[in-house]
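Inspection log for the structure reproduced underneath, given as structure tokens.
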Amino acid sequence: MESILVIIDAEEDKPLSGQALETLGAAAALSAIVKKEISVGLVGSGDLSKVATALAGAAAKAFTFSDAALKDPGYARDAFAAAKLVKASGAAWVLAPASSRWSRALPGAAERCGGKVDTHITSFEEKGGKAAAGRWYYRQRIFGKILREQGPWFMTIETGSFPKAAVGVGAAPAVTPVAEALPASRSKVLGLRSLSGGKQTIKPDAELLLVAGAGWTKTQKDGVKHAKEAEGLILAFLEKYGASLGSSKAATDLAAEGGEALTFMTQLHQVGQTGASPRHAKGLATCCFGEEPHVVGWRFINERRAIDLNANCGWAQGKADVLYVADVFEVFKELAK
Ligand SMILES: Cc1cc2nc3c(=O)[nH]c(=O)nc-3n(C[C@H](O)[C@H](O)[C@H](O)COP(=O)(O)OP(=O)(O)OC[C@H]3O[C@@H](n4cnc5c(N)ncnc54)[C@H](O)[C@@H]3O)c2cc1C
């Protein structure tokens, strides 16, 4: 039977990520249009039937592919396992989170199943009795709607686009394990290394985005720069409030050029016209003027606040709901208490 399959990476005794629950939420939106059942395909290690049981209410069936080698991402293994789950489920639509793992492996699974793949999907709508998938192109300037005849239709779902599915209510899905030998691989995962100095500071699941601008590293009122102190205050804030970190271009470039800078900033943190357009519910800009090329990256963040010394900065020109005209070092020391 044609169904919607949501592919998620999972581990026994580990809660699913917010991104996984959002992808299940996307499946619910698609199911409301195409009126087909939702199944979940779990790829990972350990007893995945426990994870499947926890998805009661969000999926009618679960297909699991468990192998110790699937604990870590690996293109060939992930694409193989996902393709086997699609074939076992007979799905016509296959959704997976637009995470680094599935952005790489899902197109490979689509090829193995003779399907088509679209990426960064942010919406579904009904069009002539069919489901059209929506996504942004050219750095969020053009919005496109896609209809496809050929299936299975694989799609990666952009984070922050759909509400998380409610799980744990109603009947648990019936579990079908898929057992096949994984292809031999010469790749071995030795460990994970974060670009930003060992700590993962980019968290798409976080409610709040903290954007740090170049002002953090500029000469302050005592005539001295305080980059090290700035780093400590920013990291403490991220930890205390579970926030994700973004930056302005000026702050990113300083770090890349080796000047006195926030050492954990990378190109991946940059928000704006030539950076990312994140989708957190709330944003707090600090020490960042709020120039237009930066603020275009805030288009999906609806609740915006800023802290800047300059009462006439860009945020004051209608770009933020609240501008606190204050010294960020003083504010963050208070917030750290
Ligand atoms: C084609 C093009 C593309 C671009 N793309 C991007 C992009 O993608 N993203 C992006 O960010 N920029 C982009 N820019 C650059 C952008 O125009 C700005 O130059 C950049 O955003 C400035 O960064 P900033 O606000 O951190 O630094 P600054 O302009 O130097 O602002 C620093 C701010 O910190 C404040 N400050 C200093 N000390 C304190 C303190 N103690 N407490 C509170 N506030 C303090 C100052 O008042 C000031 O407002 C682009 C530019 C061009 C031309």
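We label chains A, B, ... in the order they appear in the structure tokens, count residues from 1 in each chain, and number ligands from 1 in the order shown.
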- Message: Can you work out which residues are within 7 Å of ligand 1, considering only C-alpha atoms and all ligand atoms, and then hand them over as a VMD selection string?
- Response: chain A and resid 212 to 216 218 220 247 to 251 270 to 275 286 to 294 297 307 to 310 313 326 to 329
For the residues in the current selection, export N, CA and C atoms as a short mmCIF file (atom, residue, chain, number, x, y, z; two decimals), in the first residue's frame.
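result-v5.cif, freshly written:
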data_model
loop_
_atom_site.label_atom_id
_atom_site.label_comp_id
_atom_site.auth_asym_id
_atom_site.auth_seq_id
_atom_site.Cartn_x
_atom_site.Cartn_y
_atom_site.Cartn_z
N ALA A 212 26.00 37.16 17.73
CA ALA A 212 27.07 37.99 18.26
C ALA A 212 27.71 38.76 17.11
N GLY A 213 27.77 40.07 17.24
CA GLY A 213 28.36 40.90 16.20
C GLY A 213 29.79 41.30 16.55
N ALA A 214 30.36 42.10 15.65
CA ALA A 214 31.78 42.47 15.79
C ALA A 214 32.04 43.33 17.01
N GLY A 215 30.98 44.02 17.51
CA GLY A 215 31.16 44.90 18.67
C GLY A 215 31.76 44.21 19.88
N TRP A 216 31.51 42.92 20.02
CA TRP A 216 32.05 42.16 21.17
C TRP A 216 33.58 42.24 21.22
N LYS A 218 35.41 44.80 19.83
CA LYS A 218 35.91 46.17 19.61
C LYS A 218 36.41 46.77 20.93
N GLN A 220 36.52 48.78 24.06
CA GLN A 220 35.38 49.14 24.92
C GLN A 220 35.65 50.44 25.68
N SER A 247 26.30 34.68 13.90
CA SER A 247 27.19 35.84 13.95
C SER A 247 26.92 36.75 12.76
N SER A 248 27.44 37.98 12.87
CA SER A 248 27.41 38.87 11.71
C SER A 248 28.62 38.54 10.85
N LYS A 249 28.62 39.07 9.64
CA LYS A 249 29.75 38.80 8.74
C LYS A 249 31.04 39.37 9.32
N ALA A 250 30.92 40.56 9.91
CA ALA A 250 32.12 41.20 10.45
C ALA A 250 32.74 40.33 11.54
N ALA A 251 31.89 39.75 12.42
CA ALA A 251 32.42 38.89 13.50
C ALA A 251 33.03 37.61 12.92
N GLN A 270 27.57 32.46 10.24
CA GLN A 270 27.15 33.75 9.67
C GLN A 270 25.69 33.75 9.22
N VAL A 271 24.96 34.77 9.69
CA VAL A 271 23.56 34.97 9.32
C VAL A 271 23.51 36.13 8.33
N GLY A 272 22.73 36.02 7.28
CA GLY A 272 22.57 37.17 6.39
C GLY A 272 22.53 36.84 4.92
N GLN A 273 22.68 37.89 4.13
CA GLN A 273 22.57 37.77 2.67
C GLN A 273 23.56 36.75 2.12
N THR A 274 24.77 36.76 2.66
CA THR A 274 25.77 35.79 2.20
C THR A 274 26.01 34.71 3.26
N GLY A 275 25.05 34.58 4.17
CA GLY A 275 25.15 33.55 5.21
C GLY A 275 23.86 32.76 5.28
N THR A 286 23.28 40.87 19.43
CA THR A 286 24.10 41.61 20.38
C THR A 286 25.32 42.19 19.68
N CYS A 287 25.64 43.45 19.98
CA CYS A 287 26.83 44.08 19.43
C CYS A 287 26.89 43.97 17.92
N CYS A 288 25.76 44.14 17.31
CA CYS A 288 25.65 43.94 15.87
C CYS A 288 24.77 45.08 15.39
N PHE A 289 25.25 45.87 14.45
CA PHE A 289 24.58 47.12 14.07
C PHE A 289 23.19 46.89 13.47
N GLY A 290 23.04 45.77 12.74
CA GLY A 290 21.73 45.50 12.11
C GLY A 290 21.63 46.09 10.72
N GLU A 291 22.71 45.98 9.95
CA GLU A 291 22.67 46.44 8.55
C GLU A 291 21.82 45.50 7.72
N GLU A 292 21.26 46.03 6.62
CA GLU A 292 20.33 45.24 5.80
C GLU A 292 20.91 43.89 5.34
N PRO A 293 22.17 43.85 4.82
CA PRO A 293 22.68 42.54 4.36
C PRO A 293 22.72 41.50 5.48
N HIS A 294 22.79 41.97 6.73
CA HIS A 294 22.74 41.04 7.85
C HIS A 294 21.29 40.66 8.16
N GLY A 297 18.92 37.88 6.66
CA GLY A 297 19.04 36.51 7.17
C GLY A 297 18.08 36.22 8.32
N ILE A 307 20.53 44.11 21.47
CA ILE A 307 21.23 44.93 22.48
C ILE A 307 22.36 45.65 21.75
N ASP A 308 22.36 46.98 21.79
CA ASP A 308 23.43 47.74 21.15
C ASP A 308 23.62 49.06 21.89
N LEU A 309 24.84 49.57 21.86
CA LEU A 309 25.12 50.85 22.50
C LEU A 309 24.52 52.01 21.71
N ASN A 310 24.31 51.77 20.42
CA ASN A 310 23.90 52.84 19.52
C ASN A 310 22.37 52.87 19.36
N CYS A 313 21.04 52.50 15.78
CA CYS A 313 21.51 51.39 14.94
C CYS A 313 20.36 50.82 14.11
N ALA A 326 22.19 49.45 25.57
CA ALA A 326 22.94 49.10 26.77
C ALA A 326 24.27 48.49 26.40
N ASP A 327 25.17 48.45 27.39
CA ASP A 327 26.48 47.79 27.21
C ASP A 327 26.27 46.29 27.39
N VAL A 328 26.54 45.54 26.34
CA VAL A 328 26.24 44.11 26.38
C VAL A 328 27.03 43.36 27.46
N PHE A 329 28.24 43.85 27.76
CA PHE A 329 29.04 43.17 28.79
C PHE A 329 28.31 43.25 30.13
#
- Excluding A:Phe65 and any residue of its chain fewer than 6 positions from it, enumerate the residues within 7 Å of it, using only C-alpha atoms, and give them as a PyMOL selection string. chain A and resi 42-44+81+177-179
- Message: So that I can see what lies close to A:Glu207, please list as a PyMOL selection string the residues with an atom at most 12 Å from it, counting only C-alpha atoms and leaving out residues fewer than 3 positions away in the same chain.
- Response: chain A and resi 18+159-160+202-204+210+238+241-245+278-284+301-303
- Message: Using only C-alpha atoms, can you tell me which of A:Lys71, A:Lys35, A:Lys164, A:Arg186 comes closest to A:Glu12?
- Response: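 Checking each of A:Lys71, A:Lys35, A:Lys164, A:Arg186 against A:Glu12, counting only C-alpha atoms, the winner is A:Lys71.
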- Query: Got a sec to tell me which of stretch 103-229 of chain A DSSP assigns to alpha helix (DSSP H), as a list in words?
  - Reply: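 Taking stretch 103-229 of chain A and keeping alpha helix (DSSP H) gives Ser103, Arg104, Ala105, Leu106, Pro107, Gly108, Ala109, Ala110, Glu111, Arg112, Ala227, Lys228 and Glu229 of chain A.
Atom CA of A:Ala166 lies 23.8 Å from atom CA of A:Gly46.
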- Query: What's the 10 Å shell around A:Thr266, counting only C-alpha atoms, without same-chain residues fewer than 2 positions away, as a ChimeraX atom specification?
  - Reply: /A:195-197,246-247,249,251-256,262-264,268-270
Output C-alpha atoms for every residue in that selection, as a short mmCIF file (atom, residue, chain, number, x, y, z; two decimals), in the first residue's frame.
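The new file again22.cif reads:
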data_model
loop_
_atom_site.label_atom_id
_atom_site.label_comp_id
_atom_site.auth_asym_id
_atom_site.auth_seq_id
_atom_site.Cartn_x
_atom_site.Cartn_y
_atom_site.Cartn_z
CA LEU A 195 34.55 23.29 13.78
CA SER A 196 33.89 25.67 16.63
CA GLY A 197 36.58 24.65 19.09
CA GLY A 246 24.95 32.98 14.98
CA SER A 247 27.19 35.84 13.95
CA LYS A 249 29.75 38.80 8.74
CA ALA A 251 32.42 38.89 13.50
CA THR A 252 32.93 35.84 11.27
CA ASP A 253 35.56 37.53 9.12
CA LEU A 254 37.52 38.70 12.17
CA ALA A 255 37.73 35.09 13.37
CA ALA A 256 38.76 33.82 9.93
CA LEU A 262 35.67 35.12 19.05
CA THR A 263 37.67 31.97 18.32
CA PHE A 264 34.65 29.65 18.06
CA LEU A 268 28.81 28.41 9.27
CA HIS A 269 27.64 30.78 12.00
CA GLN A 270 27.15 33.75 9.67
#
